$ cat upload29.txt   # compact mmCIF, N, CA and C atoms
# COMPACT_ATOMS: atom_id res chain seq x y z
N MET W 339 54.05 -5.22 16.33
CA MET W 339 54.71 -5.21 17.62
C MET W 339 54.44 -3.90 18.35
N LYS W 340 54.45 -2.79 17.61
CA LYS W 340 54.20 -1.50 18.21
C LYS W 340 52.79 -1.45 18.81
N GLN W 341 51.81 -2.05 18.11
CA GLN W 341 50.44 -2.09 18.60
C GLN W 341 50.37 -2.89 19.89
N LEU W 342 51.09 -4.00 19.95
CA LEU W 342 51.11 -4.83 21.15
C LEU W 342 51.71 -4.05 22.31
N ASN W 343 52.81 -3.33 22.07
CA ASN W 343 53.42 -2.52 23.13
C ASN W 343 52.47 -1.47 23.65
N LEU W 344 51.71 -0.83 22.76
CA LEU W 344 50.74 0.17 23.20
C LEU W 344 49.61 -0.47 23.97
N PHE W 345 49.20 -1.69 23.57
CA PHE W 345 48.16 -2.39 24.31
C PHE W 345 48.65 -2.72 25.71
N VAL W 346 49.88 -3.21 25.82
CA VAL W 346 50.46 -3.53 27.12
C VAL W 346 50.54 -2.26 27.96
N PHE W 347 50.98 -1.15 27.37
CA PHE W 347 51.03 0.14 28.07
C PHE W 347 49.66 0.49 28.62
N GLY W 348 48.63 0.35 27.79
CA GLY W 348 47.27 0.67 28.22
C GLY W 348 46.79 -0.24 29.34
N THR W 349 47.11 -1.52 29.26
CA THR W 349 46.71 -2.47 30.30
C THR W 349 47.38 -2.13 31.62
N LEU W 350 48.68 -1.83 31.57
CA LEU W 350 49.38 -1.44 32.79
C LEU W 350 48.84 -0.14 33.36
N LEU W 351 48.46 0.78 32.49
CA LEU W 351 47.88 2.04 32.92
C LEU W 351 46.60 1.79 33.70
N ILE W 352 45.74 0.93 33.18
CA ILE W 352 44.47 0.63 33.84
C ILE W 352 44.72 -0.03 35.19
N ALA W 353 45.63 -0.98 35.24
CA ALA W 353 45.95 -1.66 36.50
C ALA W 353 46.51 -0.68 37.52
N GLY W 354 47.38 0.20 37.08
CA GLY W 354 47.96 1.20 37.98
C GLY W 354 46.94 2.17 38.51
N VAL W 355 45.98 2.54 37.67
CA VAL W 355 44.93 3.47 38.09
C VAL W 355 44.07 2.83 39.16
N ALA W 356 43.72 1.57 39.02
CA ALA W 356 42.88 0.88 39.99
C ALA W 356 43.55 0.87 41.37
N VAL W 357 44.84 0.60 41.41
CA VAL W 357 45.57 0.57 42.67
C VAL W 357 45.71 1.98 43.24
N ALA W 358 45.94 2.95 42.40
CA ALA W 358 46.18 4.33 42.85
C ALA W 358 44.95 4.95 43.51
N HIS W 359 43.76 4.52 43.17
CA HIS W 359 42.54 5.13 43.70
C HIS W 359 42.21 4.71 45.12
N THR W 360 42.84 3.67 45.62
CA THR W 360 42.56 3.18 46.95
C THR W 360 42.94 4.23 47.99
N ASN W 361 41.98 4.58 48.84
CA ASN W 361 42.18 5.49 49.96
C ASN W 361 42.55 6.92 49.59
N VAL W 362 42.16 7.39 48.44
CA VAL W 362 42.40 8.78 48.06
C VAL W 362 41.44 9.65 48.88
N GLN W 363 41.95 10.65 49.54
CA GLN W 363 41.15 11.51 50.41
C GLN W 363 40.74 12.82 49.74
N ASN W 364 41.61 13.39 48.92
CA ASN W 364 41.36 14.69 48.30
C ASN W 364 40.36 14.54 47.15
N ALA W 365 39.25 15.26 47.24
CA ALA W 365 38.18 15.15 46.24
C ALA W 365 38.65 15.59 44.85
N ALA W 366 39.48 16.63 44.77
CA ALA W 366 39.97 17.09 43.47
C ALA W 366 40.87 16.04 42.83
N VAL W 367 41.72 15.43 43.62
CA VAL W 367 42.60 14.38 43.11
C VAL W 367 41.76 13.18 42.67
N LYS W 368 40.74 12.85 43.45
CA LYS W 368 39.86 11.73 43.10
C LYS W 368 39.16 12.00 41.77
N ALA W 369 38.72 13.24 41.55
CA ALA W 369 38.06 13.61 40.29
C ALA W 369 39.04 13.48 39.12
N ARG W 370 40.28 13.92 39.31
CA ARG W 370 41.29 13.78 38.26
C ARG W 370 41.53 12.31 37.94
N MET W 371 41.65 11.51 38.98
CA MET W 371 41.88 10.08 38.79
C MET W 371 40.71 9.42 38.06
N ALA W 372 39.50 9.86 38.37
CA ALA W 372 38.32 9.32 37.70
C ALA W 372 38.35 9.65 36.21
N ALA W 373 38.77 10.86 35.87
CA ALA W 373 38.86 11.25 34.46
C ALA W 373 39.93 10.43 33.75
N MET W 374 41.07 10.23 34.39
CA MET W 374 42.13 9.42 33.79
C MET W 374 41.67 7.96 33.65
N SER W 375 40.90 7.48 34.62
CA SER W 375 40.34 6.13 34.52
C SER W 375 39.38 6.03 33.35
N GLY W 376 38.64 7.10 33.10
CA GLY W 376 37.74 7.13 31.95
C GLY W 376 38.50 6.99 30.65
N ILE W 377 39.61 7.71 30.54
CA ILE W 377 40.45 7.59 29.34
C ILE W 377 40.99 6.17 29.23
N ALA W 378 41.47 5.62 30.33
CA ALA W 378 42.02 4.27 30.32
C ALA W 378 40.97 3.24 29.90
N ALA W 379 39.74 3.40 30.37
CA ALA W 379 38.68 2.46 30.01
C ALA W 379 38.39 2.52 28.51
N GLU W 380 38.39 3.72 27.95
CA GLU W 380 38.14 3.85 26.51
C GLU W 380 39.31 3.32 25.70
N MET W 381 40.52 3.50 26.20
CA MET W 381 41.69 2.92 25.54
C MET W 381 41.59 1.39 25.56
N LYS W 382 41.08 0.85 26.66
CA LYS W 382 40.90 -0.60 26.75
C LYS W 382 39.89 -1.07 25.70
N THR W 383 38.81 -0.33 25.54
CA THR W 383 37.81 -0.67 24.53
C THR W 383 38.46 -0.74 23.16
N LEU W 384 39.22 0.28 22.82
CA LEU W 384 39.91 0.30 21.52
C LEU W 384 40.97 -0.80 21.43
N GLY W 385 41.68 -1.02 22.52
CA GLY W 385 42.72 -2.05 22.54
C GLY W 385 42.15 -3.45 22.35
N GLN W 386 41.02 -3.71 22.96
CA GLN W 386 40.38 -5.02 22.81
C GLN W 386 39.98 -5.26 21.36
N MET W 387 39.49 -4.22 20.71
CA MET W 387 39.15 -4.35 19.29
C MET W 387 40.41 -4.50 18.44
N THR W 388 41.45 -3.76 18.78
CA THR W 388 42.70 -3.80 18.02
C THR W 388 43.30 -5.20 18.02
N LYS W 389 43.31 -5.84 19.18
CA LYS W 389 43.92 -7.17 19.25
C LYS W 389 42.95 -8.28 18.87
N GLY W 390 41.69 -7.93 18.56
CA GLY W 390 40.71 -8.93 18.13
C GLY W 390 40.01 -9.66 19.26
N ALA W 391 40.19 -9.19 20.49
CA ALA W 391 39.51 -9.82 21.63
C ALA W 391 38.01 -9.55 21.60
N THR W 392 37.64 -8.43 21.01
CA THR W 392 36.23 -8.13 20.75
C THR W 392 36.12 -7.74 19.28
N ALA W 393 34.93 -7.95 18.76
CA ALA W 393 34.69 -7.64 17.34
C ALA W 393 34.76 -6.13 17.12
N PHE W 394 35.24 -5.74 15.94
CA PHE W 394 35.28 -4.33 15.60
C PHE W 394 33.85 -3.80 15.52
N ASP W 395 33.63 -2.66 16.14
CA ASP W 395 32.34 -1.97 16.12
C ASP W 395 32.65 -0.50 15.87
N ARG W 396 32.37 -0.06 14.66
CA ARG W 396 32.71 1.31 14.25
C ARG W 396 32.13 2.34 15.20
N ASP W 397 30.86 2.18 15.56
CA ASP W 397 30.22 3.16 16.44
C ASP W 397 30.83 3.16 17.83
N ALA W 398 31.13 1.98 18.35
CA ALA W 398 31.76 1.90 19.68
C ALA W 398 33.16 2.49 19.65
N ALA W 399 33.90 2.24 18.59
CA ALA W 399 35.26 2.79 18.47
C ALA W 399 35.21 4.31 18.40
N ARG W 400 34.31 4.82 17.61
CA ARG W 400 34.18 6.28 17.51
C ARG W 400 33.71 6.88 18.82
N ALA W 401 32.79 6.19 19.51
CA ALA W 401 32.31 6.68 20.81
C ALA W 401 33.45 6.69 21.83
N ALA W 402 34.31 5.68 21.79
CA ALA W 402 35.46 5.64 22.70
C ALA W 402 36.39 6.82 22.43
N ALA W 403 36.66 7.08 21.16
CA ALA W 403 37.52 8.22 20.81
C ALA W 403 36.88 9.54 21.24
N ASN W 404 35.58 9.67 21.06
CA ASN W 404 34.88 10.88 21.51
C ASN W 404 34.97 11.05 23.02
N ALA W 405 34.81 9.95 23.75
CA ALA W 405 34.90 10.02 25.21
C ALA W 405 36.30 10.42 25.65
N ILE W 406 37.32 9.91 24.97
CA ILE W 406 38.70 10.32 25.28
C ILE W 406 38.86 11.81 25.04
N ALA W 407 38.29 12.30 23.96
CA ALA W 407 38.36 13.74 23.66
C ALA W 407 37.67 14.55 24.76
N ASP W 408 36.52 14.07 25.21
CA ASP W 408 35.78 14.78 26.28
C ASP W 408 36.59 14.84 27.57
N HIS W 409 37.17 13.70 27.96
CA HIS W 409 37.99 13.68 29.18
C HIS W 409 39.21 14.59 29.02
N SER W 410 39.80 14.60 27.84
CA SER W 410 40.97 15.44 27.59
C SER W 410 40.62 16.91 27.70
N ALA W 411 39.46 17.27 27.17
CA ALA W 411 39.01 18.67 27.23
C ALA W 411 38.82 19.12 28.67
N ALA W 412 38.41 18.20 29.54
CA ALA W 412 38.16 18.54 30.95
C ALA W 412 39.44 18.55 31.78
N THR W 413 40.51 17.98 31.27
CA THR W 413 41.74 17.81 32.05
C THR W 413 42.32 19.13 32.58
N PRO W 414 42.46 20.17 31.77
CA PRO W 414 43.06 21.40 32.32
C PRO W 414 42.30 21.95 33.53
N GLU W 415 40.98 21.93 33.46
CA GLU W 415 40.19 22.44 34.59
C GLU W 415 40.37 21.56 35.83
N LEU W 416 40.45 20.25 35.63
CA LEU W 416 40.61 19.33 36.75
C LEU W 416 41.95 19.52 37.46
N PHE W 417 42.95 19.97 36.71
CA PHE W 417 44.29 20.15 37.28
C PHE W 417 44.61 21.61 37.61
N GLU W 418 43.66 22.50 37.38
CA GLU W 418 43.92 23.92 37.56
C GLU W 418 44.41 24.24 38.97
N ALA W 419 43.73 23.71 39.97
CA ALA W 419 44.16 23.93 41.36
C ALA W 419 45.26 22.93 41.70
N GLU W 420 46.29 23.40 42.34
CA GLU W 420 47.41 22.53 42.70
C GLU W 420 47.03 21.75 43.96
N GLU W 421 46.26 20.70 43.74
CA GLU W 421 45.81 19.82 44.82
C GLU W 421 46.72 18.60 44.87
N THR W 422 46.85 18.03 46.06
CA THR W 422 47.70 16.86 46.19
C THR W 422 47.07 15.85 47.13
N ASP W 423 47.59 14.67 47.09
CA ASP W 423 47.17 13.56 47.93
C ASP W 423 48.32 12.56 47.91
N PRO W 424 48.56 11.86 49.00
CA PRO W 424 49.66 10.90 49.00
C PRO W 424 49.55 9.85 47.88
N LYS W 425 48.34 9.59 47.40
CA LYS W 425 48.14 8.60 46.34
C LYS W 425 48.23 9.21 44.94
N SER W 426 48.34 10.51 44.86
CA SER W 426 48.40 11.18 43.56
C SER W 426 49.70 10.84 42.85
N GLU W 427 49.61 10.66 41.53
CA GLU W 427 50.79 10.41 40.72
C GLU W 427 51.17 11.64 39.90
N ALA W 428 50.49 12.74 40.15
CA ALA W 428 50.76 13.98 39.42
C ALA W 428 52.02 14.64 39.98
N LYS W 429 52.93 14.99 39.10
CA LYS W 429 54.15 15.68 39.51
C LYS W 429 53.86 17.17 39.68
N ALA W 430 54.56 17.82 40.58
CA ALA W 430 54.42 19.26 40.79
C ALA W 430 54.79 20.04 39.53
N LEU W 431 55.55 19.42 38.66
CA LEU W 431 55.96 20.04 37.40
C LEU W 431 54.74 20.47 36.56
N ILE W 432 53.61 19.81 36.76
CA ILE W 432 52.38 20.18 36.04
C ILE W 432 52.11 21.67 36.22
N TRP W 433 52.15 22.12 37.46
CA TRP W 433 51.76 23.51 37.75
C TRP W 433 52.88 24.49 37.42
N ALA W 434 54.11 24.01 37.39
CA ALA W 434 55.23 24.87 36.98
C ALA W 434 55.21 25.08 35.46
N ASN W 435 54.67 24.10 34.74
CA ASN W 435 54.60 24.15 33.26
C ASN W 435 53.17 23.97 32.80
N PHE W 436 52.25 24.68 33.43
CA PHE W 436 50.83 24.44 33.18
C PHE W 436 50.44 24.67 31.72
N ASP W 437 51.06 25.64 31.07
CA ASP W 437 50.74 25.89 29.66
C ASP W 437 51.11 24.68 28.79
N ASP W 438 52.25 24.09 29.05
CA ASP W 438 52.65 22.90 28.30
C ASP W 438 51.72 21.72 28.62
N PHE W 439 51.40 21.58 29.89
CA PHE W 439 50.50 20.50 30.31
C PHE W 439 49.15 20.63 29.61
N THR W 440 48.58 21.83 29.61
CA THR W 440 47.27 22.01 28.97
C THR W 440 47.39 21.85 27.45
N SER W 441 48.53 22.20 26.91
CA SER W 441 48.75 21.99 25.48
C SER W 441 48.72 20.50 25.14
N LYS W 442 49.34 19.69 26.00
CA LYS W 442 49.34 18.24 25.78
C LYS W 442 47.93 17.68 25.90
N ALA W 443 47.14 18.18 26.82
CA ALA W 443 45.74 17.75 26.92
C ALA W 443 44.98 18.13 25.65
N GLY W 444 45.27 19.31 25.13
CA GLY W 444 44.65 19.76 23.88
C GLY W 444 45.05 18.89 22.70
N GLU W 445 46.31 18.46 22.69
CA GLU W 445 46.78 17.56 21.62
C GLU W 445 46.02 16.24 21.67
N LEU W 446 45.84 15.69 22.86
CA LEU W 446 45.10 14.44 22.99
C LEU W 446 43.65 14.63 22.54
N GLU W 447 43.06 15.73 22.94
CA GLU W 447 41.70 16.01 22.50
C GLU W 447 41.61 16.07 20.98
N ALA W 448 42.54 16.78 20.35
CA ALA W 448 42.52 16.92 18.89
C ALA W 448 42.72 15.58 18.19
N VAL W 449 43.66 14.78 18.67
CA VAL W 449 43.90 13.46 18.07
C VAL W 449 42.65 12.60 18.22
N ALA W 450 42.08 12.58 19.42
CA ALA W 450 40.90 11.75 19.67
C ALA W 450 39.71 12.20 18.82
N LEU W 451 39.51 13.52 18.69
CA LEU W 451 38.41 14.01 17.85
C LEU W 451 38.61 13.62 16.39
N GLY W 452 39.84 13.72 15.93
CA GLY W 452 40.13 13.31 14.56
C GLY W 452 39.81 11.84 14.34
N LEU W 453 40.16 11.01 15.31
CA LEU W 453 39.90 9.59 15.21
C LEU W 453 38.40 9.29 15.31
N ALA W 454 37.71 10.05 16.12
CA ALA W 454 36.26 9.84 16.27
C ALA W 454 35.54 10.05 14.95
N ASN W 455 36.14 10.82 14.09
CA ASN W 455 35.53 11.10 12.78
C ASN W 455 36.14 10.28 11.65
N SER W 456 37.17 9.49 11.95
CA SER W 456 37.85 8.81 10.85
C SER W 456 37.95 7.29 11.00
N ILE W 457 37.66 6.75 12.17
CA ILE W 457 37.74 5.30 12.32
C ILE W 457 36.57 4.68 11.56
N ASP W 458 36.91 3.91 10.51
CA ASP W 458 35.88 3.26 9.70
C ASP W 458 35.99 1.75 9.68
N SER W 459 37.19 1.23 9.95
CA SER W 459 37.37 -0.22 9.88
C SER W 459 38.38 -0.66 10.93
N ALA W 460 38.47 -1.96 11.12
CA ALA W 460 39.45 -2.51 12.07
C ALA W 460 40.87 -2.12 11.69
N ASP W 461 41.10 -1.91 10.40
CA ASP W 461 42.44 -1.52 9.93
C ASP W 461 42.85 -0.13 10.45
N ASP W 462 41.87 0.67 10.83
CA ASP W 462 42.15 2.01 11.34
C ASP W 462 42.58 2.00 12.81
N LEU W 463 42.33 0.89 13.51
CA LEU W 463 42.56 0.85 14.95
C LEU W 463 44.04 0.89 15.33
N GLY W 464 44.88 0.18 14.60
CA GLY W 464 46.31 0.17 14.92
C GLY W 464 46.90 1.57 14.88
N PRO W 465 46.71 2.30 13.77
CA PRO W 465 47.21 3.67 13.73
C PRO W 465 46.54 4.58 14.78
N ALA W 466 45.26 4.32 15.07
CA ALA W 466 44.57 5.12 16.08
C ALA W 466 45.20 4.91 17.45
N MET W 467 45.45 3.64 17.80
CA MET W 467 46.07 3.35 19.10
C MET W 467 47.48 3.91 19.18
N SER W 468 48.21 3.86 18.07
CA SER W 468 49.56 4.43 18.06
C SER W 468 49.52 5.92 18.32
N ALA W 469 48.60 6.61 17.65
CA ALA W 469 48.49 8.06 17.81
C ALA W 469 48.06 8.43 19.22
N LEU W 470 47.06 7.74 19.73
CA LEU W 470 46.59 8.02 21.09
C LEU W 470 47.66 7.68 22.12
N GLY W 471 48.27 6.51 21.96
CA GLY W 471 49.29 6.09 22.92
C GLY W 471 50.48 7.03 22.97
N ALA W 472 50.91 7.50 21.82
CA ALA W 472 52.04 8.43 21.78
C ALA W 472 51.69 9.75 22.47
N THR W 473 50.46 10.19 22.28
CA THR W 473 50.04 11.45 22.90
C THR W 473 49.93 11.28 24.41
N CYS W 474 49.35 10.17 24.86
CA CYS W 474 49.27 9.90 26.31
C CYS W 474 50.68 9.82 26.91
N LYS W 475 51.54 9.09 26.24
CA LYS W 475 52.90 8.89 26.75
C LYS W 475 53.66 10.21 26.86
N SER W 476 53.45 11.12 25.91
CA SER W 476 54.18 12.39 25.95
C SER W 476 53.87 13.17 27.22
N CYS W 477 52.67 13.03 27.72
CA CYS W 477 52.29 13.72 28.95
C CYS W 477 52.71 12.91 30.18
N HIS W 478 52.43 11.62 30.17
CA HIS W 478 52.75 10.79 31.33
C HIS W 478 54.25 10.75 31.62
N THR W 479 55.06 10.73 30.59
CA THR W 479 56.51 10.69 30.77
C THR W 479 57.00 11.91 31.54
N LYS W 480 56.41 13.04 31.26
CA LYS W 480 56.85 14.29 31.88
C LYS W 480 56.14 14.62 33.18
N TYR W 481 54.84 14.31 33.25
CA TYR W 481 54.02 14.84 34.34
C TYR W 481 53.44 13.80 35.31
N ARG W 482 53.75 12.54 35.11
CA ARG W 482 53.20 11.50 35.98
C ARG W 482 54.34 10.73 36.64
N GLN W 483 54.20 10.49 37.95
CA GLN W 483 55.22 9.74 38.68
C GLN W 483 55.08 8.26 38.41
$ encode --input "upload29.txt" --output "C-alpha cells"
Amino acid sequence: MKQLNLFVFGTLLIAGVAVAHTNVQNAAVKARMAAMSGIAAEMKTLGQMTKGATAFDRDAARAAANAIADHSAATPELFEAEETDPKSEAKALIWANFDDFTSKAGELEAVALGLANSIDSADDLGPAMSALGATCKSCHTKYRQ
C-alpha cells in the first residue's frame, strides 16, 4: 500500500509539473522547473517498474537513480538566486532556510546515488521508491506551495 501511495504521489507530481510550466516567463524558474520535471520523469520510470507496468530493467533503474542524483546535485545552484514567477511553486522559505534546503537536496542526491549502486532486482524497487519518495516529500512539504 505504501508503494502505491508513493506511486500516486509521483503521478500527481508529474501532472502538477506539466500544468505549472505553462506560461512561465522567468528563465531561472523555468530551469528549476525543468530540473524538477527531470526528477519526476525518472521517478515515473521507477514507478512503472515498481507496479509492473514495465518490465524490470536493472540498468534503466540504476540510470534513473543516477539521473535523480544529478538533478539533486544541481538543485542548490538552480535555487541560489531568489527568482520568482507567478507560476512558481517555490516558497520564499527556501531562501530564508537555504542551508536546510540545500541539505535536503544533498540527502536526495545521497539516497539516489546509493540506489544507483544497489538496485539489482525488482524486489529492490519498493524500498527504493519509499526512500526516494520520503526524501522528496520532506522538501516539498516545507518548500513547495
$ residues_around --input "upload29.txt" --residues "Ala373 in chain W" --least-positions-apart "4" --cutoff "8 Å" --atoms "all atoms listed in the file" --output "list in words"
Val367, Lys368, Ala369, Ile377, Ala378, Ala379, His409, Ser410, Ala412 and Thr413 of chain W
$ closest_atom_pairs --input "upload29.txt" --of "range 350-417 of chain W" --to "range 458-470 of chain W" --cutoff "6 Å" --atoms "all atoms listed in the file" --output "Markdown table"
| residue | atom | partner | partner_atom | distance |
| --- | --- | --- | --- | --- |
| W:Thr388 | CA | W:Leu463 | C | 5.6 |
| W:Phe394 | CA | W:Ala460 | CA | 5.8 |
| W:Arg396 | CA | W:Asp458 | C | 5.6 |
$ residues_around --input "upload29.txt" --residues "Arg370 in chain W" --least-positions-apart "6" --cutoff "8 Å" --atoms "all atoms listed in the file" --output "JSON, numbers by chain"
{"W": [364, 376, 413, 416, 417]}
$ residues_near_point --input "upload29.txt" --point "(35.9, 14.5, 21.7)" --cutoff "12 Å" --atoms "only C-alpha atoms" --output "list in words"
Ile377, Glu380, Arg400, Ala401, Ala402, Ala403, Asn404, Ala405, Ile406, Ala407, Asp408, His409, Ser410, Ala411, Ala412, Ala443, Gly444, Glu445, Leu446, Glu447, Ala448, Val449, Ala450, Leu451, Gly452, Leu453, Ala454 and Asn455 of chain W
$ select_by_dssp --input "upload29.txt" --residues "range 366-459 of chain W" --states "alpha helix (DSSP H)" --output "NGL selection string"
:W and (366-388 or 396-417 or 431-434 or 436-454)
$ atom_distance --input "upload29.txt" --atom1 "CA of Ala430 in chain W" --atom2 "CA of Arg482 in chain W"
9.2 Å
$ atom_distance --input "upload29.txt" --atom1 "atom C of Met381 in chain W" --atom2 "atom C of Ile457 in chain W"
15.2 Å
$ closest_residue --input "upload29.txt" --among "W:Thr479, W:Met374, W:Asp395, W:Pro414" --to "Ser426 in chain W" --atoms "only C-alpha atoms"
W:Met374
$ closest_residue --input "upload29.txt" --among "W:Ala365, W:Ser375, W:Ala428, W:Thr440" --to "Lys480 in chain W" --atoms "all atoms listed in the file"
W:Ala428
$ atom_distance --input "upload29.txt" --atom1 "atom N of Ser456 in chain W" --atom2 "atom C of Ala393 in chain W"
16.6 Å
